[in-house]
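> Okay, handing you the structure first.
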Amino acid sequence: MKTFVKKVTRDERGAGVLALVLVLLVVGGLILTPLLGLMSTGLIAGQVYEKKTDELYAADAGVEDAIWRIQTNNLTFVNNSSGPWHLTVNDRSIEVAVYRHDWDGTPCGENMTYQILSTAVTDDDSGTAAIVGSTTIEAYIKPLVFDLLSGALVSSEGVDFSGGCTVTGDVYYVEEITGKEYDHIDGAETQIPLSAFPTQQENEEFAQQFKDEALLGGTHDGTMTIESNMTLGPLYITGNLNIWKDVTVTLNGTIYVEGSIGSDKEYTVMGSGSIVAGGDINLHMMPDYGIEGDTIIMSVNGEIKFWKKADIEAMVYAPNGFIDIEKDMTVYGGVIGAGINIKKDSSFTYVSKGSSFGLFEPVVYGVDIKTYIINPP
């Protein structure tokens with residue numbers, strides 16, 4: 001009997017393991033319920049986070065839509081407010097409104113700021129997390145405005161300076177400013193996209209007004225050559241305009257030339273009246289030009305080159321060609337070209353000499369976001 005009991009006792013070696021298993025079962029039972037609860041809460045929180053993120057992205061899409069409408073001038077304001085209008089993004093309903101704070105009272109004033117309110121709403125009673133909520137983005141932006149006729153130097157490519165140059169006014173460029181340093185008395189250097197410049201059709205429509213003015217004075221068929229001093233304009237010339245050496249031409253109205261203007265001789269142009277050509281324009285001495293009223297020197301499809309000393313008050317415009325300035329030029333107005341090369345000792349001071357010319361409205365080419373508020377955070 002004693003031997004049997006000892007044998008049975010030896011066979012109870014697994015009792016300790018059984019006790020350990022029972023303890024683990026008890027502990028597991030105690031923590032399983034809160035663990036499952038935590039997992040359920042995490043699942044709900046994940047769905048809430050995902051839906052609120054979609055809500056935020058949707059509200060941001062409303063802000064982007066408002067910015068696009070501002071840049072494309074696709075808003076109608078009544079008492080300085082536009083909208084609200086509605087969108088749907090990520091299955092969220094979005095309400096967008098824009099308010100204009102036009103502090104200086106001008107359509108494209110420097111102090112204009114737009115306030116955008118974009119609210120995305122979630123109304124979802126399905127899934128683990130039933131949500132009824134919203135996210136509002138409040139953004140304050142300032143439009144970046146480009147006015148073609150508002151700079152001392154404006155280039156749809158780049159500007160290259162040599163020595164002795166002075167600029168008073170804004171400088172706008174697309175590619176880069178190269179060459180020597182210049183004395184920038186007032187204004188800013190601003191890089192803008194090429195898309196902000198007028199199209200070829202807009203330039204041709206712009207030039208048409210000067211053609212109409214020139215036609216009022218009559219038409220000269222073919223090429224016109226000036227061999228002696230004379231007063232000219234208004235006049236429409238179907239060919240080229242050639243001016244001989246030592247001749248002085250006094251303008252008294254708009255000259256429109258279908259071909260090119262110039263000569264390899266030295267001559268003088270003075271007086272007041274716009275000069276527009278379809279081709280290249282080569283000008284020599286211009287000691288006293290464009291004093292009265294708005295005036296422009298424009299090549300519609302060619303280049304403009306100033307060879308000698310010039311003292312002018314005018315807009316100089318070559319949308320499809322370079323403007324080359326050899327030396328000693330003083331401009332009160334603006335120089336606008338598809339690239340500007342300035343060789344020596346020239347001064348440019350912005351003065352409005354194109355306010356009466358039509359078609360070129362200021363362009364909003366971008367925005368500067370001043371404040372971006374998310375509510376709730």
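Going by the structure tokens order, chains are called A, B, ..., each with residues numbered from 1, while ligands are numbered from 1 in the order shown.
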Quick one: residues within 7 Å of Glu292 in chain A, only C-alpha atoms counted, chain neighbours fewer than 2 positions away excluded, as a list of chain:residue names?

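Returned residues: A:Ser272, A:Gly290, A:Asp294.
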
> Please dump the current selection as a PDB file, in the first residue's frame; keep C-alpha atoms.


ATOM      1  CA  SER A 272       3.976 114.145 -79.953  1.00  0.00           C
ATOM      2  CA  GLY A 290       5.966 112.556 -76.446  1.00  0.00           C
ATOM      3  CA  ASP A 294      -0.481 109.318 -73.522  1.00  0.00           C
TER       4      ASP A 294
END

> Excluding range 170-176 of chain A and any residue of its chain fewer than 4 positions from it, enumerate the residues within 8 Å of it, using only C-alpha atoms, and give them as number ranges by chain.

A: 150-159, 186-194, 350

> Keeping only N, CA and C atoms, write the selected residues to a file as a PDB file, in the first residue's frame.


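To be explicit, this is the file written out as again.pdb:
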ATOM      1  N   SER A 150       2.295  99.301 -65.825  1.00  0.00           N
ATOM      2  CA  SER A 150       2.562  99.946 -64.537  1.00  0.00           C
ATOM      3  C   SER A 150       4.011  99.828 -64.079  1.00  0.00           C
ATOM      4  N   GLY A 151       4.901  99.379 -64.953  1.00  0.00           N
ATOM      5  CA  GLY A 151       6.292  99.208 -64.548  1.00  0.00           C
ATOM      6  C   GLY A 151       7.228 100.101 -65.329  1.00  0.00           C
ATOM      7  N   ALA A 152       8.346 100.439 -64.712  1.00  0.00           N
ATOM      8  CA  ALA A 152       9.380 101.182 -65.433  1.00  0.00           C
ATOM      9  C   ALA A 152      10.036 100.287 -66.475  1.00  0.00           C
ATOM     10  N   LEU A 153      10.291  99.023 -66.119  1.00  0.00           N
ATOM     11  CA  LEU A 153      10.826  98.027 -67.043  1.00  0.00           C
ATOM     12  C   LEU A 153      10.013  96.748 -66.878  1.00  0.00           C
ATOM     13  N   VAL A 154       9.525  96.202 -68.001  1.00  0.00           N
ATOM     14  CA  VAL A 154       8.713  94.990 -67.967  1.00  0.00           C
ATOM     15  C   VAL A 154       9.184  94.079 -69.093  1.00  0.00           C
ATOM     16  N   SER A 155       9.577  92.850 -68.754  1.00  0.00           N
ATOM     17  CA  SER A 155      10.098  91.941 -69.765  1.00  0.00           C
ATOM     18  C   SER A 155       9.442  90.574 -69.644  1.00  0.00           C
ATOM     19  N   SER A 156       8.974  90.030 -70.773  1.00  0.00           N
ATOM     20  CA  SER A 156       8.427  88.683 -70.790  1.00  0.00           C
ATOM     21  C   SER A 156       9.533  87.642 -70.916  1.00  0.00           C
ATOM     22  N   GLU A 157      10.788  88.103 -70.936  1.00  0.00           N
ATOM     23  CA  GLU A 157      11.943  87.207 -70.824  1.00  0.00           C
ATOM     24  C   GLU A 157      12.823  87.723 -69.690  1.00  0.00           C
ATOM     25  N   GLY A 158      13.944  88.387 -70.012  1.00  0.00           N
ATOM     26  CA  GLY A 158      14.827  88.890 -68.968  1.00  0.00           C
ATOM     27  C   GLY A 158      15.228  90.330 -69.233  1.00  0.00           C
ATOM     28  N   VAL A 159      16.002  90.893 -68.302  1.00  0.00           N
ATOM     29  CA  VAL A 159      16.529  92.250 -68.429  1.00  0.00           C
ATOM     30  C   VAL A 159      18.037  92.180 -68.212  1.00  0.00           C
ATOM     31  N   ASP A 186      13.519 103.405 -56.483  1.00  0.00           N
ATOM     32  CA  ASP A 186      12.219 103.117 -55.880  1.00  0.00           C
ATOM     33  C   ASP A 186      11.574 101.984 -56.655  1.00  0.00           C
ATOM     34  N   GLY A 187      10.698 101.227 -55.977  1.00  0.00           N
ATOM     35  CA  GLY A 187      10.011 100.124 -56.629  1.00  0.00           C
ATOM     36  C   GLY A 187      10.608  98.784 -56.259  1.00  0.00           C
ATOM     37  N   ALA A 188      10.025  97.724 -56.814  1.00  0.00           N
ATOM     38  CA  ALA A 188      10.429  96.358 -56.481  1.00  0.00           C
ATOM     39  C   ALA A 188      10.785  95.591 -57.738  1.00  0.00           C
ATOM     40  N   GLU A 189      11.574  94.535 -57.560  1.00  0.00           N
ATOM     41  CA  GLU A 189      11.821  93.561 -58.619  1.00  0.00           C
ATOM     42  C   GLU A 189      10.876  92.389 -58.387  1.00  0.00           C
ATOM     43  N   THR A 190      10.034  92.089 -59.370  1.00  0.00           N
ATOM     44  CA  THR A 190       9.031  91.047 -59.197  1.00  0.00           C
ATOM     45  C   THR A 190       9.075  90.083 -60.367  1.00  0.00           C
ATOM     46  N   GLN A 191       9.245  88.797 -60.060  1.00  0.00           N
ATOM     47  CA  GLN A 191       9.217  87.769 -61.096  1.00  0.00           C
ATOM     48  C   GLN A 191       7.785  87.280 -61.247  1.00  0.00           C
ATOM     49  N   ILE A 192       7.323  87.222 -62.492  1.00  0.00           N
ATOM     50  CA  ILE A 192       5.935  86.856 -62.760  1.00  0.00           C
ATOM     51  C   ILE A 192       5.903  85.761 -63.827  1.00  0.00           C
ATOM     52  N   PRO A 193       4.819  85.008 -63.912  1.00  0.00           N
ATOM     53  CA  PRO A 193       4.727  83.949 -64.932  1.00  0.00           C
ATOM     54  C   PRO A 193       4.431  84.541 -66.308  1.00  0.00           C
ATOM     55  N   LEU A 194       4.900  83.844 -67.337  1.00  0.00           N
ATOM     56  CA  LEU A 194       4.674  84.289 -68.707  1.00  0.00           C
ATOM     57  C   LEU A 194       3.186  84.361 -69.029  1.00  0.00           C
ATOM     58  N   TYR A 350       9.216 105.525 -64.047  1.00  0.00           N
ATOM     59  CA  TYR A 350       7.850 105.180 -64.406  1.00  0.00           C
ATOM     60  C   TYR A 350       6.939 106.396 -64.266  1.00  0.00           C
TER      61      TYR A 350
END

> Env of Asn229 in chain A: 9 Å cut, atoms = only C-alpha atoms, seq-sep filter 6 positions within chain, self excluded. Answer as a list in words.

Asp246, Val247, Thr248, Val249 and Thr250 of chain A

> Find the spatial neighbours of range 307-309 of chain A, counting only C-alpha atoms, within a cut-off of 10 Å - ignore same-chain residues fewer than 3 positions away - and output them as a list in words.

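Neighbouring residues, sequence-local ones excluded: Asp264, Glu266, Tyr267, Thr268, Asn282, Leu283, His284, Met285, Met286, Pro287, Ile304, Ile312, Asp324, Ile325, Glu326, Lys327, Asp328, Met329, Thr330, Asp345 and Ser346 of chain A.
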
> If you measure from CA of Pro234 in chain A to CA of Tyr256 in chain A, what distance in Å do you get, rounded to one decimal?

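Separation of CA of Pro234 in chain A and CA of Tyr256 in chain A: 8.3 Å.
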
> Could you give me the residues within range 206-245 of chain A that DSSP places in strand (DSSP E or B), as a list in words?

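Here is the list: Thr219, His220, Met224, Thr225, Ile226, Met230, Thr231, Leu232, Leu235, Tyr236, Ile237, Leu241, Asn242 and Ile243 of chain A.
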
> Nearest to Asn79 in chain A among A:Lys353, A:Lys180, A:His101, A:Lys211, with distances taken over only C-alpha atoms: which residue is it?

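Once distances to Asn79 in chain A are computed over only C-alpha atoms, the minimum belongs to A:His101.
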
> Closest to Thr166 in chain A among A:Val300, A:Ile323, A:Val121, A:Val331, using only C-alpha atoms?

A:Val331

> Under the rule that only C-alpha atoms are counted, which of A:Tyr182, A:Trp85, A:Phe197, A:Tyr236 is the nearest residue to Leu148 in chain A?

A:Phe197

> Excluding Tyr317 in chain A and residues on its chain fewer than 2 positions from it, collect all residues at most 9 Å away from it, counting only C-alpha atoms, and give them as JSON, numbers by chain.

{"A": [296, 297, 298, 299, 300, 304, 315, 319, 323, 334, 335, 336, 337, 338]}

> With C-alpha atoms kept, could you save the residues just selected as a PDB file, in the first residue's frame?


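And here's part_6.pdb as it stands now:
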ATOM      1  CA  ILE A 296       3.348 104.780 -77.282  1.00  0.00           C
ATOM      2  CA  ILE A 297       6.151 103.521 -79.513  1.00  0.00           C
ATOM      3  CA  MET A 298       5.132  99.971 -80.462  1.00  0.00           C
ATOM      4  CA  SER A 299       6.368  97.211 -82.734  1.00  0.00           C
ATOM      5  CA  VAL A 300       3.610  94.631 -83.045  1.00  0.00           C
ATOM      6  CA  ILE A 304      12.790  98.225 -81.265  1.00  0.00           C
ATOM      7  CA  MET A 315       5.432 103.745 -73.348  1.00  0.00           C
ATOM      8  CA  PRO A 319       5.583  92.232 -77.201  1.00  0.00           C
ATOM      9  CA  ILE A 323      14.215  96.300 -77.003  1.00  0.00           C
ATOM     10  CA  GLY A 334       7.754 102.498 -69.291  1.00  0.00           C
ATOM     11  CA  VAL A 335       9.695 100.011 -71.418  1.00  0.00           C
ATOM     12  CA  ILE A 336       7.975  96.685 -72.146  1.00  0.00           C
ATOM     13  CA  GLY A 337       9.458  93.967 -74.332  1.00  0.00           C
ATOM     14  CA  ALA A 338      10.187  90.300 -74.908  1.00  0.00           C
TER      15      ALA A 338
END

> State, in Å with one decimal place, the distance from CA of Thr225 in chain A to CA of Ala310 in chain A.

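Computing it gives 22.2 Å between the two atoms.
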
> Between CA of Gly278 in chain A and CA of Ser355 in chain A, what is the distance, to one decimal in Å?

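Computing the Euclidean distance for CA of Gly278 in chain A and CA of Ser355 in chain A yields 22.5 Å.
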
> Please determine, counting only C-alpha atoms, which residue among A:Thr53, A:Thr88, A:Thr135, A:Ser118 has the shortest atom-to-atom distance to Ala66 in chain A.

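Nearest candidate to Ala66 in chain A out of A:Thr53, A:Thr88, A:Thr135, A:Ser118: A:Ser118.
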
> Using only C-alpha atoms, which of the listed residues (A:Asn80, A:Ser352, A:Gln115, A:Thr122) sits closest to Val96 in chain A?

A:Gln115

> Would you mind telling me which residue in A:Thr254, A:Ser81, A:Asn301, A:Thr219 lies nearest to Gln201 in chain A when using only C-alpha atoms?

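Checking each candidate against Gln201 in chain A, we get A:Asn301 as the closest.
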